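Participant: File structure.txt below, compact mmCIF, C-alpha atoms (C1' of nucleotides):
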# COMPACT_ATOMS: atom_id res chain seq x y z
CA MET A 27 -5.01 -95.05 6.51
CA PRO A 28 -5.99 -97.30 9.36
CA GLU A 29 -9.66 -96.88 10.21
CA LEU A 30 -11.71 -99.11 12.49
CA PRO A 31 -11.48 -102.30 10.37
CA GLU A 32 -7.73 -101.95 9.91
CA VAL A 33 -7.09 -101.33 13.62
CA GLU A 34 -9.38 -104.25 14.47
CA THR A 35 -7.38 -106.45 12.09
CA ILE A 36 -4.11 -105.41 13.71
CA LEU A 37 -5.64 -106.08 17.13
CA ARG A 38 -6.77 -109.58 16.19
CA GLY A 39 -3.41 -110.42 14.72
CA LEU A 40 -1.43 -109.18 17.69
CA LYS A 41 -3.57 -110.48 20.52
CA PRO A 42 -2.47 -114.14 20.47
CA GLN A 43 1.15 -113.11 19.90
CA VAL A 44 1.79 -110.51 22.58
CA VAL A 45 -0.58 -111.01 25.51
CA GLY A 46 1.40 -112.23 28.50
CA ARG A 47 4.72 -111.11 27.10
CA ARG A 48 7.10 -108.87 29.00
CA ILE A 49 8.65 -105.74 27.56
CA ARG A 50 12.41 -106.20 27.75
CA SER A 51 13.59 -102.98 26.18
CA VAL A 52 12.42 -100.12 24.02
CA ARG A 53 14.23 -98.29 21.25
CA VAL A 54 13.01 -94.96 19.95
CA GLY A 55 14.04 -93.27 16.73
CA ASP A 56 12.03 -90.13 16.04
CA GLN A 57 10.50 -88.87 19.26
CA LYS A 58 7.90 -86.94 17.33
CA VAL A 59 5.50 -89.89 17.32
CA LEU A 60 5.57 -90.03 21.13
CA GLN A 61 3.46 -87.88 23.38
CA LEU A 62 6.17 -87.93 26.04
CA THR A 63 9.95 -87.85 26.10
CA LYS A 64 12.03 -90.66 24.75
CA SER A 65 13.55 -91.51 28.12
CA ASP A 66 10.25 -91.40 30.01
CA PHE A 67 8.75 -93.69 27.40
CA ARG A 68 11.62 -96.15 27.61
CA ASP A 69 11.88 -96.18 31.38
CA ARG A 70 8.19 -96.53 32.06
CA MET A 71 7.55 -99.32 29.56
CA ARG A 72 10.47 -101.44 30.61
CA HIS A 73 9.60 -104.66 32.50
CA GLU A 74 5.88 -104.12 32.06
CA ILE A 75 3.81 -107.12 30.97
CA ILE A 76 1.20 -106.85 28.23
CA ARG A 77 -2.02 -107.96 29.91
CA LYS A 78 -4.78 -107.16 27.43
CA LEU A 79 -5.39 -105.64 24.02
CA SER A 80 -8.45 -103.67 23.01
CA ARG A 81 -9.65 -101.01 20.59
CA ARG A 82 -11.68 -97.83 20.80
CA GLY A 83 -12.48 -96.23 17.45
CA LYS A 84 -9.16 -96.03 15.62
CA PHE A 85 -7.11 -96.35 18.81
CA LEU A 86 -5.32 -99.57 19.72
CA ILE A 87 -4.89 -100.06 23.46
CA PHE A 88 -2.30 -102.23 25.21
CA GLU A 89 -3.12 -102.72 28.87
CA LEU A 90 0.12 -103.09 30.81
CA ASP A 91 0.46 -103.36 34.59
CA VAL A 92 0.85 -99.68 35.41
CA TYR A 93 0.08 -98.01 32.10
CA TYR A 94 -2.06 -98.09 29.03
CA LEU A 95 0.02 -97.92 25.88
CA ILE A 96 -2.14 -96.43 23.16
CA PHE A 97 -1.51 -96.19 19.41
CA HIS A 98 -3.19 -93.98 16.85
CA PHE A 99 -1.91 -94.81 13.39
CA GLY A 100 -2.70 -91.56 11.62
CA MET A 101 -2.23 -92.03 7.90
CA THR A 102 0.68 -94.39 7.51
CA GLY A 103 1.28 -96.03 10.88
CA GLN A 104 2.18 -99.72 10.86
CA LEU A 105 2.53 -102.00 13.87
CA THR A 106 4.05 -105.37 13.13
CA PHE A 107 5.07 -108.33 15.23
CA ARG A 108 8.39 -110.08 14.62
CA ASP A 109 9.27 -113.53 15.84
CA PRO A 110 12.70 -114.64 14.65
CA ASN A 111 11.98 -118.17 15.92
CA ARG A 112 8.74 -118.63 14.07
CA LYS A 113 8.86 -121.60 11.76
CA ASP A 114 6.70 -121.41 8.70
CA SER A 115 8.60 -122.35 5.61
CA GLN A 116 5.61 -121.71 3.38
CA ASN A 117 5.32 -117.98 3.76
CA PHE A 118 8.38 -116.84 5.55
CA ILE A 119 11.76 -115.78 4.38
CA ARG A 120 14.87 -115.21 6.42
CA HIS A 121 15.89 -111.62 6.68
CA SER A 122 19.40 -110.76 7.75
CA VAL A 123 18.27 -108.15 10.25
CA THR A 124 14.90 -109.29 11.50
CA GLY A 125 15.07 -113.05 11.20
CA LEU A 126 12.17 -115.02 9.78
CA GLN A 127 9.46 -112.76 8.52
CA ARG A 128 6.86 -112.38 5.84
CA ALA A 129 8.42 -111.52 2.52
CA VAL A 130 6.48 -108.26 2.30
CA GLN A 131 7.48 -106.98 5.73
CA HIS A 132 9.75 -104.03 6.10
CA ALA A 133 12.99 -104.43 7.92
CA PRO A 134 13.51 -101.56 10.35
CA ASP A 135 14.42 -98.46 8.36
CA GLN A 136 14.39 -94.70 8.75
CA HIS A 137 10.61 -94.81 9.21
CA THR A 138 10.70 -97.35 12.03
CA HIS A 139 10.37 -95.02 15.00
CA VAL A 140 9.80 -97.45 17.87
CA GLN A 141 11.00 -100.98 18.56
CA ILE A 142 9.61 -102.77 21.57
CA GLN A 143 11.63 -105.86 22.39
CA LEU A 144 9.61 -108.62 24.04
CA ASP A 145 10.40 -112.11 25.40
CA LYS A 146 12.35 -114.66 23.40
CA GLY A 147 13.63 -112.26 20.79
CA THR A 148 10.17 -111.20 19.65
CA ALA A 149 9.41 -107.55 19.00
CA LEU A 150 6.81 -105.00 18.03
CA PHE A 151 7.88 -102.49 15.38
CA TYR A 152 6.12 -99.19 14.87
CA ARG A 153 6.76 -97.67 11.46
CA ASP A 154 5.17 -94.46 10.21
CA ILE A 155 6.24 -92.70 7.04
CA ARG A 156 4.32 -89.44 7.45
CA LYS A 157 4.48 -89.38 11.22
CA PHE A 158 0.84 -88.42 11.64
CA GLY A 159 0.45 -91.30 14.09
CA LYS A 160 0.79 -90.86 17.84
CA ILE A 161 1.76 -93.09 20.73
CA PHE A 162 0.45 -92.36 24.21
CA LEU A 163 1.30 -93.78 27.60
CA ILE A 164 -1.17 -93.05 30.35
CA GLU A 165 -1.47 -94.24 33.91
CA LYS A 166 -4.14 -96.82 34.63
CA GLN A 167 -5.03 -95.41 38.01
CA ARG A 168 -7.76 -92.80 38.48
CA ASP A 169 -9.61 -94.01 35.40
CA LEU A 170 -7.58 -91.82 33.04
CA LEU A 171 -8.68 -93.94 30.09
CA THR A 172 -12.22 -92.62 30.29
CA GLY A 173 -10.93 -89.06 30.15
CA PHE A 174 -8.62 -89.90 27.28
CA PHE A 175 -11.55 -91.06 25.19
CA GLU A 176 -14.13 -88.58 26.42
CA ARG A 177 -14.47 -86.87 23.06
CA LEU A 178 -14.98 -90.07 21.11
CA GLY A 179 -18.48 -90.89 19.95
CA LEU A 180 -20.45 -94.08 19.41
CA GLU A 181 -18.51 -97.31 19.17
CA PRO A 182 -19.83 -99.52 16.33
CA PHE A 183 -20.56 -103.16 17.26
CA THR A 184 -21.36 -102.25 20.86
CA ALA A 185 -24.70 -101.57 22.55
CA ASP A 186 -23.87 -97.85 22.44
CA TYR A 187 -24.27 -97.90 18.71
CA ASN A 188 -27.99 -98.29 18.11
CA VAL A 189 -30.65 -96.59 16.02
CA GLY A 190 -31.70 -94.37 18.89
CA SER A 191 -28.23 -93.05 19.69
CA PHE A 192 -27.45 -92.68 15.99
CA LEU A 193 -30.55 -90.60 15.29
CA LYS A 194 -29.81 -88.49 18.36
CA GLY A 195 -26.32 -87.77 17.06
CA LEU A 196 -27.78 -86.51 13.80
CA ARG A 197 -30.44 -84.36 15.41
CA HIS A 198 -28.82 -80.95 15.66
CA SER A 199 -26.08 -81.00 13.07
CA LYS A 200 -26.06 -78.39 10.33
CA ARG A 201 -23.15 -79.91 8.44
CA SER A 202 -22.97 -82.15 5.43
CA ILE A 203 -23.37 -85.82 6.22
CA LYS A 204 -19.89 -86.63 4.93
CA SER A 205 -18.36 -84.07 7.24
CA LEU A 206 -20.25 -85.47 10.21
CA LEU A 207 -19.26 -89.04 9.43
CA LEU A 208 -15.60 -88.04 9.58
CA ASP A 209 -16.13 -86.48 13.01
CA GLN A 210 -14.92 -88.98 15.62
CA SER A 211 -17.20 -87.46 18.25
CA PHE A 212 -20.22 -88.75 16.34
CA VAL A 213 -19.25 -92.31 15.43
CA ALA A 214 -15.72 -93.44 16.32
CA GLY A 215 -13.62 -95.30 13.80
CA ILE A 216 -15.00 -94.12 10.47
CA GLY A 217 -12.45 -92.50 8.16
CA ASN A 218 -12.53 -91.27 4.61
CA ILE A 219 -12.76 -94.65 2.90
CA TYR A 220 -15.56 -96.15 4.97
CA ALA A 221 -17.47 -92.85 5.04
CA ASP A 222 -17.66 -92.82 1.24
CA GLU A 223 -18.53 -96.51 1.11
CA ALA A 224 -21.28 -96.22 3.72
CA LEU A 225 -22.87 -93.25 1.94
CA PHE A 226 -22.87 -95.18 -1.31
CA GLU A 227 -24.44 -98.21 0.35
CA ALA A 228 -27.14 -96.00 1.82
CA TYR A 229 -27.82 -94.17 -1.48
CA ILE A 230 -26.97 -90.81 0.11
CA HIS A 231 -25.02 -88.03 -1.62
CA PRO A 232 -22.06 -86.89 0.52
CA ILE A 233 -22.91 -83.17 0.36
CA ARG A 234 -26.45 -83.70 1.68
CA GLY A 235 -27.14 -81.61 4.75
CA VAL A 236 -27.84 -83.78 7.75
CA GLN A 237 -31.20 -82.10 8.25
CA SER A 238 -32.31 -83.02 4.74
CA LEU A 239 -32.07 -86.74 5.47
CA ARG A 240 -35.30 -88.66 5.83
CA ARG A 241 -35.65 -91.01 8.78
CA SER A 242 -35.47 -93.99 6.43
CA GLU A 243 -32.21 -92.69 4.98
CA LYS A 244 -30.71 -92.24 8.42
CA ILE A 245 -31.57 -95.79 9.35
CA ALA A 246 -30.20 -97.04 6.05
CA LEU A 247 -26.96 -95.19 6.83
CA PHE A 248 -26.86 -96.61 10.34
CA GLU A 249 -26.98 -100.10 8.88
CA ALA A 250 -24.65 -99.34 5.96
CA ILE A 251 -21.94 -98.22 8.36
CA LEU A 252 -22.06 -101.55 10.15
CA ARG A 253 -22.06 -103.39 6.86
CA VAL A 254 -19.05 -101.67 5.33
CA LEU A 255 -17.04 -101.87 8.57
CA GLU A 256 -17.91 -105.54 8.96
CA ARG A 257 -16.85 -106.26 5.40
CA GLY A 258 -13.63 -104.35 5.97
CA ILE A 259 -12.80 -106.54 8.96
CA LYS A 260 -13.81 -109.72 7.15
CA TYR A 261 -11.32 -108.97 4.36
CA GLY A 262 -8.49 -107.95 6.65
CA GLY A 263 -8.72 -104.20 6.08
CA THR A 264 -8.28 -101.92 3.07
CA SER A 265 -4.75 -101.47 1.72
CA MET A 266 -4.81 -98.52 -0.67
CA ARG A 267 -1.22 -97.62 0.13
CA ASP A 268 0.61 -98.26 3.33
CA TYR A 269 -1.73 -100.25 5.51
CA VAL A 270 -0.48 -103.67 6.57
CA ASN A 271 -1.63 -106.03 9.32
CA SER A 272 0.47 -107.27 12.23
CA ASP A 273 2.24 -109.76 9.93
CA GLY A 274 3.12 -107.00 7.49
CA GLU A 275 0.61 -108.25 4.93
CA LYS A 276 -1.83 -106.14 2.97
CA GLY A 277 -5.57 -106.53 3.45
CA SER A 278 -7.87 -107.26 0.51
CA ASN A 279 -10.89 -105.07 1.12
CA GLN A 280 -9.69 -102.61 -1.54
CA ASP A 281 -11.12 -105.15 -3.99
CA ASN A 282 -14.58 -104.70 -2.46
CA LEU A 283 -14.77 -100.91 -2.57
CA ARG A 284 -17.74 -99.54 -4.50
CA VAL A 285 -16.71 -95.87 -4.81
CA TYR A 286 -13.49 -94.99 -2.98
CA GLY A 287 -10.70 -94.64 -5.51
CA ARG A 288 -13.04 -95.61 -8.36
CA GLN A 289 -13.46 -92.15 -9.93
CA GLY A 290 -13.67 -92.52 -13.71
CA ASP A 291 -14.87 -96.12 -13.45
CA VAL A 292 -18.52 -97.09 -13.70
CA CYS A 293 -20.90 -97.63 -10.80
CA TYR A 294 -21.56 -101.31 -10.14
CA ARG A 295 -25.24 -100.54 -9.55
CA CYS A 296 -26.14 -98.22 -12.44
CA GLN A 297 -23.09 -97.95 -14.77
CA THR A 298 -22.82 -94.18 -14.27
CA VAL A 299 -19.24 -92.89 -14.04
CA ILE A 300 -18.09 -92.47 -10.42
CA GLN A 301 -17.25 -88.85 -9.55
CA LYS A 302 -14.73 -87.35 -7.17
CA MET A 303 -15.05 -84.02 -5.39
CA VAL A 304 -13.69 -82.34 -2.27
CA VAL A 305 -15.89 -82.27 0.83
CA SER A 306 -14.49 -81.18 4.19
CA GLN A 307 -11.01 -81.07 2.64
CA ARG A 308 -11.27 -84.77 1.80
CA GLY A 309 -11.39 -86.53 -1.52
CA THR A 310 -14.96 -87.75 -1.76
CA HIS A 311 -16.12 -90.45 -4.15
CA PHE A 312 -19.71 -91.02 -5.14
CA CYS A 313 -22.16 -92.00 -7.85
CA SER A 314 -24.05 -88.91 -8.99
CA SER A 315 -26.86 -91.07 -10.27
CA CYS A 316 -27.74 -93.40 -7.44
CA GLN A 317 -26.63 -91.22 -4.53
CA LEU A 318 -29.32 -88.57 -4.70
CA CYS A 319 -28.88 -84.98 -3.64
C1' DA B 7 -20.75 -73.47 20.23
C1' DA B 8 -20.36 -75.05 15.83
C1' DC B 9 -18.14 -75.18 11.90
C1' DC B 10 -14.31 -74.33 8.69
C1' DT B 11 -9.28 -73.80 7.36
C1' DT B 12 -4.47 -74.55 8.01
C1' DC B 13 -0.80 -77.31 9.14
C1' DC B 14 2.02 -81.30 10.02
C1' DC B 15 4.82 -85.10 6.92
C1' DT B 16 6.77 -88.12 3.04
C1' DG B 17 6.45 -90.67 -1.21
C1' DA B 18 4.24 -91.25 -5.62
C1' DT B 19 3.05 -89.16 -9.74
C1' DG B 20 2.84 -86.09 -13.73
C1' DG B 21 4.36 -82.18 -16.52
C1' DC B 22 8.16 -80.06 -18.75
C1' DT C 2 17.11 -87.68 -16.35
C1' DG C 3 16.06 -84.40 -13.16
C1' DC C 4 13.35 -81.00 -11.01
C1' DC C 5 9.36 -79.00 -9.17
C1' DA C 6 4.39 -78.86 -8.11
C1' DT C 7 0.61 -81.42 -6.62
C1' DC C 8 -1.81 -84.80 -4.09
C1' DA C 9 -3.00 -88.23 -0.40
C1' DG C 10 -5.36 -87.19 4.67
C1' DG C 11 -6.41 -87.68 10.67
C1' DG C 12 -6.83 -84.61 13.82
C1' DA C 13 -4.99 -80.59 16.68
C1' DA C 14 -5.00 -75.84 16.66
C1' DG C 15 -6.38 -71.55 15.17
C1' DG C 16 -9.88 -68.59 12.94
C1' DT C 17 -14.67 -66.99 11.96
Output the file's structure in the form of structure tokens.

Facilitator:
Amino acid sequence: MPELPEVETILRGLKPQVVGRRIRSVRVGDQKVLQLTKSDFRDRMRHEIIRKLSRRGKFLIFELDVYYLIFHFGMTGQLTFRDPNRKDSQNFIRHSVTGLQRAVQHAPDQHTHVQIQLDKGTALFYRDIRKFGKIFLIEKQRDLLTGFFERLGLEPFTADYNVGSFLKGLRHSKRSIKSLLLDQSFVAGIGNIYADEALFEAYIHPIRGVQSLRRSEKIALFEAILRVLERGIKYGGTSMRDYVNSDGEKGSNQDNLRVYGRQGDVCYRCQTVIQKMVVSQRGTHFCSSCQLC
DNA sequence: AACCTTCCCTGATGGC
DNA sequence: TGCCATCAGGGAAGGT
């Protein structure tokens, strides 16, 4: 489930590979992942050059000449780069369909919904098993990007994300803190995994009402969010199931998780058994001993 | 307006 | 072995 650190990892992997490349052709399988028709998508993307890559929350943004091409990976979206000419005998195998590629990469299959052919036989493949992901194409003119992201909240690792703006975002909420953390209009990029991890780091129980949090707890949470996201990026993202980076490789941050997916195991801090409950329709993992109610 | 519930989708898993 | 139910969940849409 690509959250901020996973999208950031994909971005960093793709950037040196695709910037400056021209889109030669586009193939679309299931149109459901597109927010426009198959033919519009194909025709508009063709001959465009990829100028820049960036990220906002969980969205990956390709700046082309006329359009922004924007990906949201939903639960199981994967965006991988293929270069059949790439020489790297150490880690690559030769695949009959896709050429040289990482051994773990998927060849295009029934879940590969979009193939974007670039220069020199290279390509971007979008694969998405559950099809919760979405691909957008919006015009660059008239500052449509700002409107597209108008409902997104604070962007971690930018000046927007500071103690003042964070406390302000917490001021009027009557929800549980877990529920608010999942809301992209508060802080952009946090999903279920990093929400649970941040709450653990900050010693806060997920069902706590926002208004019950002391100032010191809010600040601890502010910092914990940065810490868990930073660690996620450092370890190439969390691969619980389907997440892979732009080379088709899994990340390793799942080995660093303190609570997510650890129900039944003991807390690293206090040896209490980690619990799992449902909050805001999401599996929520926590230590009932050191995350106080 | 704010908050909550339902729905979309497929593969993995467990019970029988 | 096969079959069915359950679960995973981001976010839009609908409901309260």

Participant: Would you kindly report the residues of chain C within 10 Å of chain A, using only C-alpha atoms (C1' of nucleotides), as a PyMOL selection string?

Facilitator: chain C and resi 9-12

Participant: Which residues of chain B sit at most 10 Å from chain A, using all atoms listed in the file? Give each one's shortest atom pair and distance in Å (one decimal place), in chain and ascending residue order, as JSON lines.

Facilitator:
{"residue": "B:DA8", "atom": "C1'", "partner": "A:Lys200", "partner_atom": "CA", "distance": 8.6}
{"residue": "B:DC9", "atom": "C1'", "partner": "A:Arg201", "partner_atom": "CA", "distance": 7.7}
{"residue": "B:DC10", "atom": "C1'", "partner": "A:Ser306", "partner_atom": "CA", "distance": 8.2}
{"residue": "B:DT11", "atom": "C1'", "partner": "A:Gln307", "partner_atom": "CA", "distance": 8.8}
{"residue": "B:DC14", "atom": "C1'", "partner": "A:Phe158", "partner_atom": "CA", "distance": 7.4}
{"residue": "B:DC15", "atom": "C1'", "partner": "A:Arg156", "partner_atom": "CA", "distance": 4.4}
{"residue": "B:DT16", "atom": "C1'", "partner": "A:Arg156", "partner_atom": "CA", "distance": 5.2}
{"residue": "B:DG17", "atom": "C1'", "partner": "A:Ile155", "partner_atom": "CA", "distance": 8.5}

Participant: Can you tell me how far CA of Gly263 (chain A) sits from CA of Gly39 (chain A), in Å to one decimal?

Facilitator: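 Separating CA of Gly263 (chain A) from CA of Gly39 (chain A) is a distance of 11.9 Å.
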
Participant: Choose the residue, out of A:Tyr261, A:Phe88, A:Phe312, A:Phe175, that has the smallest atom-to-atom separation from Glu275 (chain A); count only C-alpha atoms.

Facilitator: A:Tyr261

Participant: Report, in Å with one decimal, the straight-line distance from CA of Ser80 (chain A) to CA of Gly46 (chain A).

Facilitator: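 Computing it gives 14.2 Å between the two atoms.
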
Participant: Given only C-alpha atoms as the basis, pick out the residue of A:Phe151, A:Gly215, A:Ile300, A:Tyr294 nearest to Gly258 (chain A).

Facilitator: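 Ranking A:Phe151, A:Gly215, A:Ile300, A:Tyr294 by distance to Gly258 (chain A), first place goes to A:Gly215.
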
Participant: So the first atom is CA of Val92 (chain A) and the second is CA of Asp186 (chain A); what is the distance between them in Å, to one decimal place?

Facilitator: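 The value is 28.0 Å.
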
Participant: With all atoms listed in the file as the counted atoms, please give the residues lying no more than 9 Å from Gly290 (chain A), apart from itself and same-chain residues fewer than 6 positions off, as a VMD selection string.

Facilitator: chain A and resid 299 to 302

Participant: When you look at DA6 (chain C) with a cut-off of 12 Å (counting only C-alpha atoms (C1' of nucleotides)), what residues show up, excluding the ones that are within fewer than 2 positions of it in the same chain? I need them as a ChimeraX atom specification.

Facilitator: /B:19-22 /C:4,8

Participant: Can you sort out region 33-43 of chain A so it carries all heavy atoms, written as a compact mmCIF listing (two decimals), in the coordinates of the input?

Facilitator:
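The resulting file, rebuild_22.txt, is shown below:
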# COMPACT_ATOMS: atom_id res chain seq x y z
N VAL A 33 -7.58 -101.22 12.24
CA VAL A 33 -7.09 -101.33 13.62
C VAL A 33 -7.58 -102.63 14.25
O VAL A 33 -6.85 -103.31 14.97
CB VAL A 33 -7.52 -100.10 14.45
CG1 VAL A 33 -7.00 -100.23 15.88
CG2 VAL A 33 -6.99 -98.82 13.82
N GLU A 34 -8.83 -102.99 13.95
CA GLU A 34 -9.38 -104.25 14.47
C GLU A 34 -8.57 -105.45 13.94
O GLU A 34 -8.31 -106.41 14.67
CB GLU A 34 -10.85 -104.37 14.06
CG GLU A 34 -11.54 -105.63 14.55
CD GLU A 34 -11.71 -105.68 16.08
OE1 GLU A 34 -11.71 -104.62 16.73
OE2 GLU A 34 -11.84 -106.82 16.61
N THR A 35 -8.17 -105.37 12.68
CA THR A 35 -7.38 -106.45 12.09
C THR A 35 -6.00 -106.56 12.76
O THR A 35 -5.53 -107.66 13.06
CB THR A 35 -7.20 -106.22 10.57
OG1 THR A 35 -8.50 -106.13 9.98
CG2 THR A 35 -6.43 -107.37 9.93
N ILE A 36 -5.39 -105.41 13.00
CA ILE A 36 -4.11 -105.41 13.71
C ILE A 36 -4.28 -106.00 15.10
O ILE A 36 -3.50 -106.85 15.55
CB ILE A 36 -3.54 -103.97 13.80
CG1 ILE A 36 -3.20 -103.44 12.40
CG2 ILE A 36 -2.31 -103.93 14.70
CD1 ILE A 36 -2.92 -101.94 12.35
N LEU A 37 -5.35 -105.58 15.77
CA LEU A 37 -5.64 -106.08 17.13
C LEU A 37 -5.76 -107.61 17.12
O LEU A 37 -5.17 -108.30 17.95
CB LEU A 37 -6.94 -105.44 17.62
CG LEU A 37 -7.61 -106.09 18.84
CD1 LEU A 37 -6.79 -105.88 20.09
CD2 LEU A 37 -9.00 -105.52 19.04
N ARG A 38 -6.53 -108.14 16.23
CA ARG A 38 -6.77 -109.58 16.19
C ARG A 38 -5.50 -110.36 15.86
O ARG A 38 -5.31 -111.47 16.33
CB ARG A 38 -7.87 -109.90 15.18
CG ARG A 38 -9.22 -109.40 15.64
CD ARG A 38 -10.32 -109.74 14.65
NE ARG A 38 -11.58 -109.13 15.06
CZ ARG A 38 -12.75 -109.35 14.46
NH1 ARG A 38 -12.82 -110.18 13.44
NH2 ARG A 38 -13.84 -108.74 14.90
N GLY A 39 -4.67 -109.76 15.05
CA GLY A 39 -3.41 -110.42 14.72
C GLY A 39 -2.42 -110.42 15.87
O GLY A 39 -1.69 -111.38 16.09
N LEU A 40 -2.41 -109.31 16.62
CA LEU A 40 -1.43 -109.18 17.69
C LEU A 40 -1.81 -109.92 18.96
O LEU A 40 -0.94 -110.45 19.66
CB LEU A 40 -1.25 -107.70 18.04
CG LEU A 40 -0.47 -106.83 17.05
CD1 LEU A 40 -0.41 -105.41 17.58
CD2 LEU A 40 0.93 -107.39 16.85
N LYS A 41 -3.09 -109.96 19.23
CA LYS A 41 -3.57 -110.48 20.52
C LYS A 41 -2.93 -111.82 20.90
O LYS A 41 -2.34 -111.93 21.97
CB LYS A 41 -5.09 -110.59 20.47
CG LYS A 41 -5.76 -110.44 21.81
CD LYS A 41 -7.26 -110.51 21.67
CE LYS A 41 -7.93 -109.39 22.45
NZ LYS A 41 -9.38 -109.36 22.23
N PRO A 42 -3.03 -112.84 20.06
CA PRO A 42 -2.47 -114.14 20.47
C PRO A 42 -0.93 -114.13 20.55
O PRO A 42 -0.35 -115.02 21.17
CB PRO A 42 -2.96 -115.09 19.37
CG PRO A 42 -3.27 -114.23 18.21
CD PRO A 42 -3.70 -112.92 18.76
N GLN A 43 -0.31 -113.14 19.93
CA GLN A 43 1.15 -113.11 19.90
C GLN A 43 1.77 -112.39 21.10
O GLN A 43 2.87 -112.74 21.52
CB GLN A 43 1.64 -112.40 18.63
CG GLN A 43 1.10 -112.96 17.33
CD GLN A 43 1.73 -114.28 16.92
OE1 GLN A 43 2.56 -114.84 17.64
NE2 GLN A 43 1.32 -114.78 15.77
